[in-house]
Protein chains: 2
Amino acid sequence: MSQFWSEGVTELHPYVPGEQPQGERLLKLNTNESPYGPSPAIAAALHNVNVADLRLYPDPASRKLSAALAEYHSVPVDSVFVGNGSDEVLGFVFRAFFKGKGPLCFPDISYSFYPVWAQLFEIETHTLPVTKDYRIELSAIPKELKIVIFPNPNAPTAIALGLGELEAFVKARPDTLVVVDEAYVDYGAESAVTLLGTYTNVLVVRTMSKSRGLAGLRVGYALGAPDLIEGLVRVKDSFNSYPLDALAQLAALVSIEDESYFQATLSKVVASRARLTRGLESLGFEVLPSTANFVLARNPAKSGGEWQASLRSQGIIVRHFNKPRLEDWIRITVGTDAEVDRLLDALASCS
Amino acid sequence: MSQFWSEGVTELHPYVPGEQPQGERLLKLNTNESPYGPSPAIAAALHNVNVADLRLYPDPASRKLSAALAEYHSVPVDSVFVGNGSDEVLGFVFRAFFKGKGPLCFPDISYSFYPVWAQLFEIETHTLPVTKDYRIELSAIPKELKIVIFPNPNAPTAIALGLGELEAFVKARPDTLVVVDEAYVDYGAESAVTLLGTYTNVLVVRTMSKSRGLAGLRVGYALGAPDLIEGLVRVKDSFNSYPLDALAQLAALVSIEDESYFQATLSKVVASRARLTRGLESLGFEVLPSTANFVLARNPAKSGGEWQASLRSQGIIVRHFNKPRLEDWIRITVGTDAEVDRLLDALASCS
């Protein structure tokens, strides 16, 4: 540490992202990237970029991309906020809506960046234990808590919450703000976007890093009532006017326009997820019901850390969380069918 | 506003960036972009990108780019921090080093984002009036102030502070952290990077948006003692693990490797700045001595706002700051010689 660090910087426990090995030939099933690239139409769009135009600042409000997202999701354009990955969007959410609003409620098993943002922005937290079968039970949230965030489907469990249960909660608690982090929703869960026309206490956060195969370009967004979006804009414009570069804005726009490629890759991942689940079960693994592009699995023959190490020694990376209630489990990203088979063979060989 | 906004969000006064007109044919001399594009070698590098690889997260630490910057500036690699434009880097600086450290000192005429970050992170401020001839006088900074930030050359004055004066200050005040925002230093000012080997209370912030013609890709960085860099990393990893996308990392690296193009474009801008200054003076303008890629100029025939409006009606955008001590002035970005001539003609026609 340094005499020049601000208060709290020493105590920060930064988020640790999944490993991004450089140069090694490993099968990466650890960070829930799509096994398929983004829309191939992006290649042509990048080829047509006049590099000299990069001298100009990008549109600070990403207006073309926002308009395309508004049309795609059938919401007004002032219900869209775009940022540098959903992590940045979520960081702004914490500053804009959670700071000073009492304890923030999120599940005990959930995205491990939530407690980190809470610490950065000095926000009290309240963890809601997921049930014995790893489900989020909204009705168990104490009434005095007015701010709630969770992923749907949840990560790393991959279990989805039904839209009916969510709607009942936001309807019954109009003074509670519910932020639904839909990073993995495209793989089969019900989106809360359909609630936005009726309820102003829901904010939906999305990423293009998973289902759209664009993790390399860092594009995320939020959808919600215009006054919520305005709060995010105020924070963003007080932090970084131009968070999204010109090439990321362009590629994201092309991705939105290529619906057929998007749907085709989603279908392939969903089919491979079924193959992976069946294969794991036949090897004696318990697999939580997944509507995401990953599964959480355990097999009492080894601990989660041991399974992870065994796979690593065979050139395959999966994620293990050394945390309460998660020690036994490994999180495996759904790859192509060939990658699924390679993983299953590796598990069989070390079972 | 919304019942869901956090305390302080209503009171934020977000930074207002210079206009980025979309689709209009205007001569943009308002946001200090380079009139030349970035290294043309970037085009080939982008053509060679395998778009399918964008499915993977970028290197969260931008290691290749950091190594290239370390070599370029002759500093150790753990003295380099890379972020999503120097605005994001500066935002992290405010959180990592200024919050809770007493009033932050910056010049009254300076980058207008400083008070915005101070407000976002709840930091007290102390403004140091620049002298009558618009110079920063470090010796006038009260001894009890332990955190200082200013651009060198200053913006929007374009006036540089000498390295001798800066070194005397950091040497005499080892318990004061001095952050030097060198966005425009490549155009002729003396960089504080040469002090980094001797003093650990200096942090230098740079951008690739100006002299490297890469505003469209949002790349900034900081150089300083490893424990300062570690503070920035801790804050960044508590906010957004991957702030710099894969294409921005690639293009920035190519730019660093193309020194001859960089130097050639710098020389052209410096020559055009002399042409612009002479031309303005011959039209009766007072021009502050510039070591940046812009000049601050006034001519009592009209107010700054009037000059700006006259130019706008002729299809040229310059920047005017409607703030104390700046009302009379306009800030003009140095363009190509042809653009300089067009601007001078337009000013002559409305004089």
# chains A, B, ... in the order shown; residues from 1 in each chain; ligands from 1

call {"tool": "interface_residues", "arguments": {"of": "chain B", "to": "chain A", "cutoff": "6 Å", "atoms": "only C-alpha atoms", "output": "PDB file with N, CA and C atoms, in the first residue's frame"}}
result
ATOM      1  N   MET B   1     -36.249  13.609 -11.960  1.00  0.00           N
ATOM      2  CA  MET B   1     -35.590  12.725 -11.009  1.00  0.00           C
ATOM      3  C   MET B   1     -36.534  11.598 -10.591  1.00  0.00           C
ATOM      4  N   SER B   2     -36.047  10.662  -9.804  1.00  0.00           N
ATOM      5  CA  SER B   2     -36.800   9.467  -9.446  1.00  0.00           C
ATOM      6  C   SER B   2     -36.647   9.207  -7.958  1.00  0.00           C
ATOM      7  N   PHE B   4     -35.981   6.580  -6.840  1.00  0.00           N
ATOM      8  CA  PHE B   4     -34.967   5.538  -6.708  1.00  0.00           C
ATOM      9  C   PHE B   4     -33.536   6.072  -6.846  1.00  0.00           C
ATOM     10  N   TRP B   5     -33.381   7.360  -7.169  1.00  0.00           N
ATOM     11  CA  TRP B   5     -32.023   7.892  -7.281  1.00  0.00           C
ATOM     12  C   TRP B   5     -31.355   7.966  -5.911  1.00  0.00           C
ATOM     13  N   SER B   6     -30.050   7.682  -5.902  1.00  0.00           N
ATOM     14  CA  SER B   6     -29.261   7.809  -4.685  1.00  0.00           C
ATOM     15  C   SER B   6     -29.075   9.271  -4.326  1.00  0.00           C
ATOM     16  N   PRO B  14     -23.050  16.951 -14.438  1.00  0.00           N
ATOM     17  CA  PRO B  14     -22.196  16.144 -15.314  1.00  0.00           C
ATOM     18  C   PRO B  14     -21.349  17.007 -16.255  1.00  0.00           C
ATOM     19  N   TYR B  15     -20.228  16.466 -16.638  1.00  0.00           N
ATOM     20  CA  TYR B  15     -19.364  17.095 -17.638  1.00  0.00           C
ATOM     21  C   TYR B  15     -20.098  17.148 -18.976  1.00  0.00           C
ATOM     22  N   GLY B  37      -5.393  10.934 -39.074  1.00  0.00           N
ATOM     23  CA  GLY B  37      -5.839   9.699 -38.437  1.00  0.00           C
ATOM     24  C   GLY B  37      -4.714   9.080 -37.636  1.00  0.00           C
ATOM     25  N   ALA B  43      -5.005  -0.148 -39.905  1.00  0.00           N
ATOM     26  CA  ALA B  43      -5.954  -0.736 -40.866  1.00  0.00           C
ATOM     27  C   ALA B  43      -5.594  -2.192 -41.141  1.00  0.00           C
ATOM     28  N   HIS B  47      -7.696  -5.593 -40.267  1.00  0.00           N
ATOM     29  CA  HIS B  47      -8.062  -6.555 -41.317  1.00  0.00           C
ATOM     30  C   HIS B  47      -7.661  -7.980 -40.933  1.00  0.00           C
ATOM     31  N   VAL B  51     -12.510 -12.282 -36.494  1.00  0.00           N
ATOM     32  CA  VAL B  51     -13.662 -11.766 -35.753  1.00  0.00           C
ATOM     33  C   VAL B  51     -14.205 -12.805 -34.764  1.00  0.00           C
ATOM     34  N   ALA B  52     -14.050 -14.081 -35.088  1.00  0.00           N
ATOM     35  CA  ALA B  52     -14.533 -15.122 -34.175  1.00  0.00           C
ATOM     36  C   ALA B  52     -13.836 -15.037 -32.807  1.00  0.00           C
ATOM     37  N   LEU B  54     -13.361 -12.516 -31.121  1.00  0.00           N
ATOM     38  CA  LEU B  54     -14.002 -11.521 -30.250  1.00  0.00           C
ATOM     39  C   LEU B  54     -14.954 -12.171 -29.251  1.00  0.00           C
ATOM     40  N   ARG B  55     -15.203 -13.476 -29.422  1.00  0.00           N
ATOM     41  CA  ARG B  55     -16.011 -14.185 -28.432  1.00  0.00           C
ATOM     42  C   ARG B  55     -15.312 -14.245 -27.068  1.00  0.00           C
ATOM     43  N   LEU B  56     -13.996 -14.108 -27.060  1.00  0.00           N
ATOM     44  CA  LEU B  56     -13.223 -14.217 -25.812  1.00  0.00           C
ATOM     45  C   LEU B  56     -13.071 -12.862 -25.131  1.00  0.00           C
ATOM     46  N   TYR B  57     -13.087 -12.863 -23.810  1.00  0.00           N
ATOM     47  CA  TYR B  57     -12.791 -11.633 -23.072  1.00  0.00           C
ATOM     48  C   TYR B  57     -11.394 -11.156 -23.433  1.00  0.00           C
ATOM     49  N   PRO B  58     -11.193  -9.845 -23.436  1.00  0.00           N
ATOM     50  CA  PRO B  58      -9.832  -9.325 -23.671  1.00  0.00           C
ATOM     51  C   PRO B  58      -8.971  -9.574 -22.429  1.00  0.00           C
ATOM     52  N   ASP B  87     -10.047   9.787 -19.314  1.00  0.00           N
ATOM     53  CA  ASP B  87     -11.131  10.162 -18.398  1.00  0.00           C
ATOM     54  C   ASP B  87     -11.400   9.046 -17.390  1.00  0.00           C
ATOM     55  N   GLU B  88     -11.451   7.799 -17.865  1.00  0.00           N
ATOM     56  CA  GLU B  88     -11.661   6.715 -16.902  1.00  0.00           C
ATOM     57  C   GLU B  88     -10.470   6.628 -15.940  1.00  0.00           C
ATOM     58  N   GLY B  91     -10.858   9.237 -13.435  1.00  0.00           N
ATOM     59  CA  GLY B  91     -11.920   8.859 -12.490  1.00  0.00           C
ATOM     60  C   GLY B  91     -11.384   7.923 -11.415  1.00  0.00           C
ATOM     61  N   ALA B  96      -9.077   6.559  -6.032  1.00  0.00           N
ATOM     62  CA  ALA B  96      -7.971   5.848  -5.373  1.00  0.00           C
ATOM     63  C   ALA B  96      -7.120   6.755  -4.488  1.00  0.00           C
ATOM     64  N   PHE B  97      -6.981   8.030  -4.868  1.00  0.00           N
ATOM     65  CA  PHE B  97      -6.006   8.880  -4.169  1.00  0.00           C
ATOM     66  C   PHE B  97      -6.572  10.175  -3.586  1.00  0.00           C
ATOM     67  N   LYS B  99     -10.166  10.785  -2.652  1.00  0.00           N
ATOM     68  CA  LYS B  99     -11.311  10.686  -1.734  1.00  0.00           C
ATOM     69  C   LYS B  99     -10.833  10.633  -0.282  1.00  0.00           C
ATOM     70  N   VAL B 116     -16.267  17.768 -11.554  1.00  0.00           N
ATOM     71  CA  VAL B 116     -17.327  16.769 -11.700  1.00  0.00           C
ATOM     72  C   VAL B 116     -16.931  15.479 -10.975  1.00  0.00           C
ATOM     73  N   GLY B 213      -4.203  10.348 -32.478  1.00  0.00           N
ATOM     74  CA  GLY B 213      -5.355  10.278 -33.382  1.00  0.00           C
ATOM     75  C   GLY B 213      -6.286   9.116 -33.101  1.00  0.00           C
ATOM     76  N   LEU B 214      -6.393   8.707 -31.833  1.00  0.00           N
ATOM     77  CA  LEU B 214      -7.190   7.526 -31.497  1.00  0.00           C
ATOM     78  C   LEU B 214      -8.364   7.826 -30.562  1.00  0.00           C
ATOM     79  N   ALA B 215      -8.915   9.037 -30.658  1.00  0.00           N
ATOM     80  CA  ALA B 215     -10.049   9.383 -29.786  1.00  0.00           C
ATOM     81  C   ALA B 215     -11.179   8.362 -29.910  1.00  0.00           C
ATOM     82  N   GLY B 216     -11.366   7.826 -31.117  1.00  0.00           N
ATOM     83  CA  GLY B 216     -12.448   6.872 -31.354  1.00  0.00           C
ATOM     84  C   GLY B 216     -12.301   5.570 -30.604  1.00  0.00           C
ATOM     85  N   LEU B 217     -11.083   5.280 -30.107  1.00  0.00           N
ATOM     86  CA  LEU B 217     -10.881   3.979 -29.456  1.00  0.00           C
ATOM     87  C   LEU B 217     -10.690   4.032 -27.947  1.00  0.00           C
ATOM     88  N   ARG B 218     -10.637   5.214 -27.351  1.00  0.00           N
ATOM     89  CA  ARG B 218     -10.696   5.324 -25.885  1.00  0.00           C
ATOM     90  C   ARG B 218      -9.559   4.599 -25.178  1.00  0.00           C
ATOM     91  N   ASP B 227       3.403   1.423  -6.313  1.00  0.00           N
ATOM     92  CA  ASP B 227       2.328   1.385  -5.308  1.00  0.00           C
ATOM     93  C   ASP B 227       1.171   2.296  -5.692  1.00  0.00           C
ATOM     94  N   ASP B 237     -10.281  -2.998 -10.614  1.00  0.00           N
ATOM     95  CA  ASP B 237     -10.774  -4.370 -10.451  1.00  0.00           C
ATOM     96  C   ASP B 237     -11.965  -4.458  -9.497  1.00  0.00           C
ATOM     97  N   SER B 238     -12.284  -3.346  -8.863  1.00  0.00           N
ATOM     98  CA  SER B 238     -13.503  -3.287  -8.052  1.00  0.00           C
ATOM     99  C   SER B 238     -14.631  -2.596  -8.811  1.00  0.00           C
ATOM    100  N   PHE B 239     -14.375  -2.248 -10.084  1.00  0.00           N
ATOM    101  CA  PHE B 239     -15.375  -1.521 -10.869  1.00  0.00           C
ATOM    102  C   PHE B 239     -15.683  -2.217 -12.193  1.00  0.00           C
ATOM    103  N   ASN B 240     -14.642  -2.556 -12.951  1.00  0.00           N
ATOM    104  CA  ASN B 240     -14.833  -3.166 -14.265  1.00  0.00           C
ATOM    105  C   ASN B 240     -13.543  -3.896 -14.616  1.00  0.00           C
ATOM    106  N   ASP B 245     -11.296  -2.913 -24.643  1.00  0.00           N
ATOM    107  CA  ASP B 245     -11.653  -4.049 -25.487  1.00  0.00           C
ATOM    108  C   ASP B 245     -10.469  -4.501 -26.337  1.00  0.00           C
ATOM    109  N   ALA B 246     -10.656  -5.656 -26.979  1.00  0.00           N
ATOM    110  CA  ALA B 246      -9.554  -6.300 -27.697  1.00  0.00           C
ATOM    111  C   ALA B 246      -9.051  -5.446 -28.861  1.00  0.00           C
TER     112      ALA B 246
END

call {"tool": "select_by_dssp", "arguments": {"residues": "stretch 225-330 of chain B", "states": "alpha helix (DSSP H)", "output": "short mmCIF file (atom, residue, chain, number, x, y, z; two decimals) with N, CA and C atoms, in the first residue's frame"}}
result
data_model
loop_
_atom_site.label_atom_id
_atom_site.label_comp_id
_atom_site.auth_asym_id
_atom_site.auth_seq_id
_atom_site.Cartn_x
_atom_site.Cartn_y
_atom_site.Cartn_z
N PRO B 226 5.08 2.01 -8.57
CA PRO B 226 4.27 0.79 -8.53
C PRO B 226 3.17 0.79 -7.47
N ASP B 227 3.40 1.42 -6.31
CA ASP B 227 2.33 1.38 -5.31
C ASP B 227 1.17 2.30 -5.69
N LEU B 228 1.44 3.34 -6.48
CA LEU B 228 0.33 4.15 -7.00
C LEU B 228 -0.44 3.35 -8.06
N ILE B 229 0.30 2.69 -8.93
CA ILE B 229 -0.35 1.87 -9.97
C ILE B 229 -1.20 0.78 -9.32
N GLU B 230 -0.69 0.18 -8.25
CA GLU B 230 -1.45 -0.86 -7.57
C GLU B 230 -2.77 -0.32 -7.01
N GLY B 231 -2.75 0.92 -6.51
CA GLY B 231 -3.99 1.54 -6.03
C GLY B 231 -5.01 1.67 -7.15
N LEU B 232 -4.54 2.07 -8.34
CA LEU B 232 -5.45 2.18 -9.49
C LEU B 232 -6.00 0.82 -9.89
N VAL B 233 -5.13 -0.20 -9.88
CA VAL B 233 -5.57 -1.55 -10.25
C VAL B 233 -6.65 -2.04 -9.28
N ARG B 234 -6.47 -1.77 -8.00
CA ARG B 234 -7.45 -2.20 -7.01
C ARG B 234 -8.82 -1.57 -7.26
N VAL B 235 -8.82 -0.28 -7.59
CA VAL B 235 -10.09 0.39 -7.86
C VAL B 235 -10.70 -0.12 -9.17
N LYS B 236 -9.90 -0.23 -10.21
CA LYS B 236 -10.39 -0.73 -11.49
C LYS B 236 -10.97 -2.13 -11.33
N ALA B 246 -10.66 -5.66 -26.98
CA ALA B 246 -9.55 -6.30 -27.70
C ALA B 246 -9.05 -5.45 -28.86
N LEU B 247 -9.97 -4.80 -29.60
CA LEU B 247 -9.54 -4.01 -30.75
C LEU B 247 -8.83 -2.73 -30.31
N ALA B 248 -9.27 -2.13 -29.24
CA ALA B 248 -8.59 -0.93 -28.72
C ALA B 248 -7.18 -1.28 -28.25
N GLN B 249 -7.04 -2.41 -27.57
CA GLN B 249 -5.70 -2.83 -27.12
C GLN B 249 -4.78 -3.04 -28.33
N LEU B 250 -5.33 -3.66 -29.36
CA LEU B 250 -4.53 -3.95 -30.56
C LEU B 250 -4.11 -2.66 -31.27
N ALA B 251 -5.07 -1.78 -31.51
CA ALA B 251 -4.77 -0.55 -32.26
C ALA B 251 -3.78 0.32 -31.49
N ALA B 252 -3.92 0.38 -30.18
CA ALA B 252 -3.01 1.20 -29.37
C ALA B 252 -1.58 0.67 -29.47
N LEU B 253 -1.46 -0.65 -29.46
CA LEU B 253 -0.15 -1.29 -29.58
C LEU B 253 0.49 -0.95 -30.93
N VAL B 254 -0.29 -1.03 -31.99
CA VAL B 254 0.24 -0.71 -33.32
C VAL B 254 0.66 0.76 -33.38
N SER B 255 -0.11 1.62 -32.75
CA SER B 255 0.24 3.04 -32.74
C SER B 255 1.59 3.27 -32.08
N ILE B 256 1.81 2.63 -30.94
CA ILE B 256 3.08 2.79 -30.22
C ILE B 256 4.26 2.33 -31.08
N GLU B 257 4.00 1.29 -31.89
CA GLU B 257 5.10 0.73 -32.70
C GLU B 257 5.43 1.57 -33.93
N GLU B 259 6.48 4.79 -34.65
CA GLU B 259 7.01 6.06 -34.16
C GLU B 259 7.18 7.10 -35.28
N SER B 260 7.54 6.65 -36.47
CA SER B 260 7.84 7.64 -37.51
C SER B 260 6.57 8.37 -37.94
N TYR B 261 5.47 7.62 -38.05
CA TYR B 261 4.21 8.28 -38.41
C TYR B 261 3.80 9.27 -37.32
N PHE B 262 3.96 8.82 -36.07
CA PHE B 262 3.61 9.67 -34.92
C PHE B 262 4.38 10.99 -34.97
N GLN B 263 5.69 10.89 -35.13
CA GLN B 263 6.51 12.11 -35.14
C GLN B 263 6.17 13.01 -36.33
N ALA B 264 5.87 12.39 -37.47
CA ALA B 264 5.55 13.19 -38.66
C ALA B 264 4.27 13.99 -38.44
N THR B 265 3.25 13.36 -37.82
CA THR B 265 1.99 14.08 -37.61
C THR B 265 2.16 15.17 -36.54
N LEU B 266 2.97 14.88 -35.52
CA LEU B 266 3.23 15.91 -34.51
C LEU B 266 3.85 17.15 -35.16
N SER B 267 4.84 16.91 -36.02
CA SER B 267 5.54 18.04 -36.65
C SER B 267 4.58 18.87 -37.48
N LYS B 268 3.68 18.18 -38.19
CA LYS B 268 2.73 18.92 -39.02
C LYS B 268 1.81 19.79 -38.16
N VAL B 269 1.34 19.24 -37.05
CA VAL B 269 0.45 20.02 -36.19
C VAL B 269 1.18 21.21 -35.59
N VAL B 270 2.43 21.00 -35.18
CA VAL B 270 3.20 22.10 -34.59
C VAL B 270 3.40 23.22 -35.62
N ALA B 271 3.66 22.84 -36.88
CA ALA B 271 3.83 23.84 -37.93
C ALA B 271 2.51 24.58 -38.19
N SER B 272 1.41 23.83 -38.21
CA SER B 272 0.10 24.47 -38.46
C SER B 272 -0.30 25.37 -37.29
N ARG B 273 0.15 25.02 -36.09
CA ARG B 273 -0.16 25.86 -34.92
C ARG B 273 0.50 27.24 -35.08
N ALA B 274 1.73 27.24 -35.61
CA ALA B 274 2.41 28.51 -35.83
C ALA B 274 1.66 29.33 -36.89
N ARG B 275 1.20 28.64 -37.94
CA ARG B 275 0.45 29.31 -39.00
C ARG B 275 -0.85 29.90 -38.44
N LEU B 276 -1.54 29.12 -37.61
CA LEU B 276 -2.80 29.57 -37.01
C LEU B 276 -2.56 30.78 -36.10
N THR B 277 -1.50 30.69 -35.29
CA THR B 277 -1.22 31.77 -34.34
C THR B 277 -0.91 33.07 -35.09
N ARG B 278 -0.04 32.98 -36.10
CA ARG B 278 0.29 34.17 -36.90
C ARG B 278 -0.96 34.75 -37.54
N GLY B 279 -1.78 33.89 -38.12
CA GLY B 279 -2.99 34.34 -38.80
C GLY B 279 -3.96 35.03 -37.84
N LEU B 280 -4.12 34.43 -36.66
CA LEU B 280 -5.04 35.03 -35.67
C LEU B 280 -4.52 36.40 -35.23
N GLU B 281 -3.20 36.47 -35.00
CA GLU B 281 -2.64 37.74 -34.54
C GLU B 281 -2.79 38.81 -35.61
N SER B 282 -2.66 38.41 -36.86
CA SER B 282 -2.79 39.41 -37.93
C SER B 282 -4.24 39.88 -38.06
N GLY B 304 -16.51 35.85 -26.76
CA GLY B 304 -16.22 34.48 -27.15
C GLY B 304 -17.44 33.78 -27.75
N GLY B 305 -18.57 33.97 -27.09
CA GLY B 305 -19.80 33.35 -27.56
C GLY B 305 -20.20 33.86 -28.95
N GLU B 306 -19.98 35.14 -29.18
CA GLU B 306 -20.31 35.71 -30.50
C GLU B 306 -19.39 35.17 -31.59
N TRP B 307 -18.09 35.10 -31.29
CA TRP B 307 -17.16 34.52 -32.27
C TRP B 307 -17.57 33.08 -32.59
N GLN B 308 -17.89 32.34 -31.53
CA GLN B 308 -18.28 30.94 -31.73
C GLN B 308 -19.50 30.85 -32.65
N ALA B 309 -20.52 31.69 -32.38
CA ALA B 309 -21.75 31.65 -33.18
C ALA B 309 -21.49 32.05 -34.63
N SER B 310 -20.63 33.07 -34.81
CA SER B 310 -20.32 33.50 -36.19
C SER B 310 -19.67 32.36 -36.98
N LEU B 311 -18.74 31.66 -36.32
CA LEU B 311 -18.06 30.56 -37.01
C LEU B 311 -19.04 29.42 -37.30
N ARG B 312 -19.89 29.13 -36.34
CA ARG B 312 -20.86 28.04 -36.51
C ARG B 312 -21.75 28.32 -37.73
N SER B 313 -22.12 29.59 -37.91
CA SER B 313 -22.98 29.92 -39.05
C SER B 313 -22.23 29.72 -40.37
#

call {"tool": "closest_residue", "arguments": {"among": "A:Val295, A:Ala155, A:Leu344, A:Ala189", "to": "A:Ser112", "atoms": "only C-alpha atoms"}}
result
A:Ala155

call {"tool": "closest_residue", "arguments": {"among": "B:Pro103, B:Pro289, B:Pro129, B:Pro174", "to": "B:Ala158", "atoms": "only C-alpha atoms"}}
result
B:Pro289

call {"tool": "select_by_dssp", "arguments": {"residues": "stretch 186-331 of chain A", "states": "strand (DSSP E or B)", "output": "list in words"}}
result
Val202, Leu203, Val204, Val205, Arg206, Thr207, Gly220, Tyr221, Ala222, Leu223, Gly224, Glu286, Val287, Phe294, Val295, Leu296, Ala297, Arg298, Ile316, Ile317, Arg319, Ile330 and Arg331 of chain A

call {"tool": "atom_distance", "arguments": {"atom1": "atom CA of A:Arg319", "atom2": "atom CA of A:Asn30"}}
result
4.9 Å

call {"tool": "closest_residue", "arguments": {"among": "A:Tyr199, A:Asn293, A:Gly220, A:Glu165", "to": "A:Asp181", "atoms": "only C-alpha atoms"}}
result
A:Gly220

call {"tool": "atom_distance", "arguments": {"atom1": "atom CA of B:Asn154", "atom2": "atom CA of B:Asp345"}}
result
27.8 Å

call {"tool": "residues_around", "arguments": {"residues": "A:Gly102", "least_positions_apart": "5", "cutoff": "9 Å", "atoms": "only C-alpha atoms", "output": "PDB file with C-alpha atoms, in the first residue's frame"}}
result
ATOM      1  CA  ILE A 123     -23.187   0.255   0.430  1.00  0.00           C
ATOM      2  CA  GLU A 124     -24.457  -2.018   3.205  1.00  0.00           C
ATOM      3  CA  THR A 125     -25.503  -5.487   2.076  1.00  0.00           C
ATOM      4  CA  GLU A 144     -37.771  -3.170   4.927  1.00  0.00           C
ATOM      5  CA  LEU A 145     -35.235  -3.811   2.160  1.00  0.00           C
ATOM      6  CA  LYS A 146     -35.912  -1.437  -0.732  1.00  0.00           C
ATOM      7  CA  ILE A 147     -33.146  -2.370  -3.185  1.00  0.00           C
TER       8      ILE A 147
END
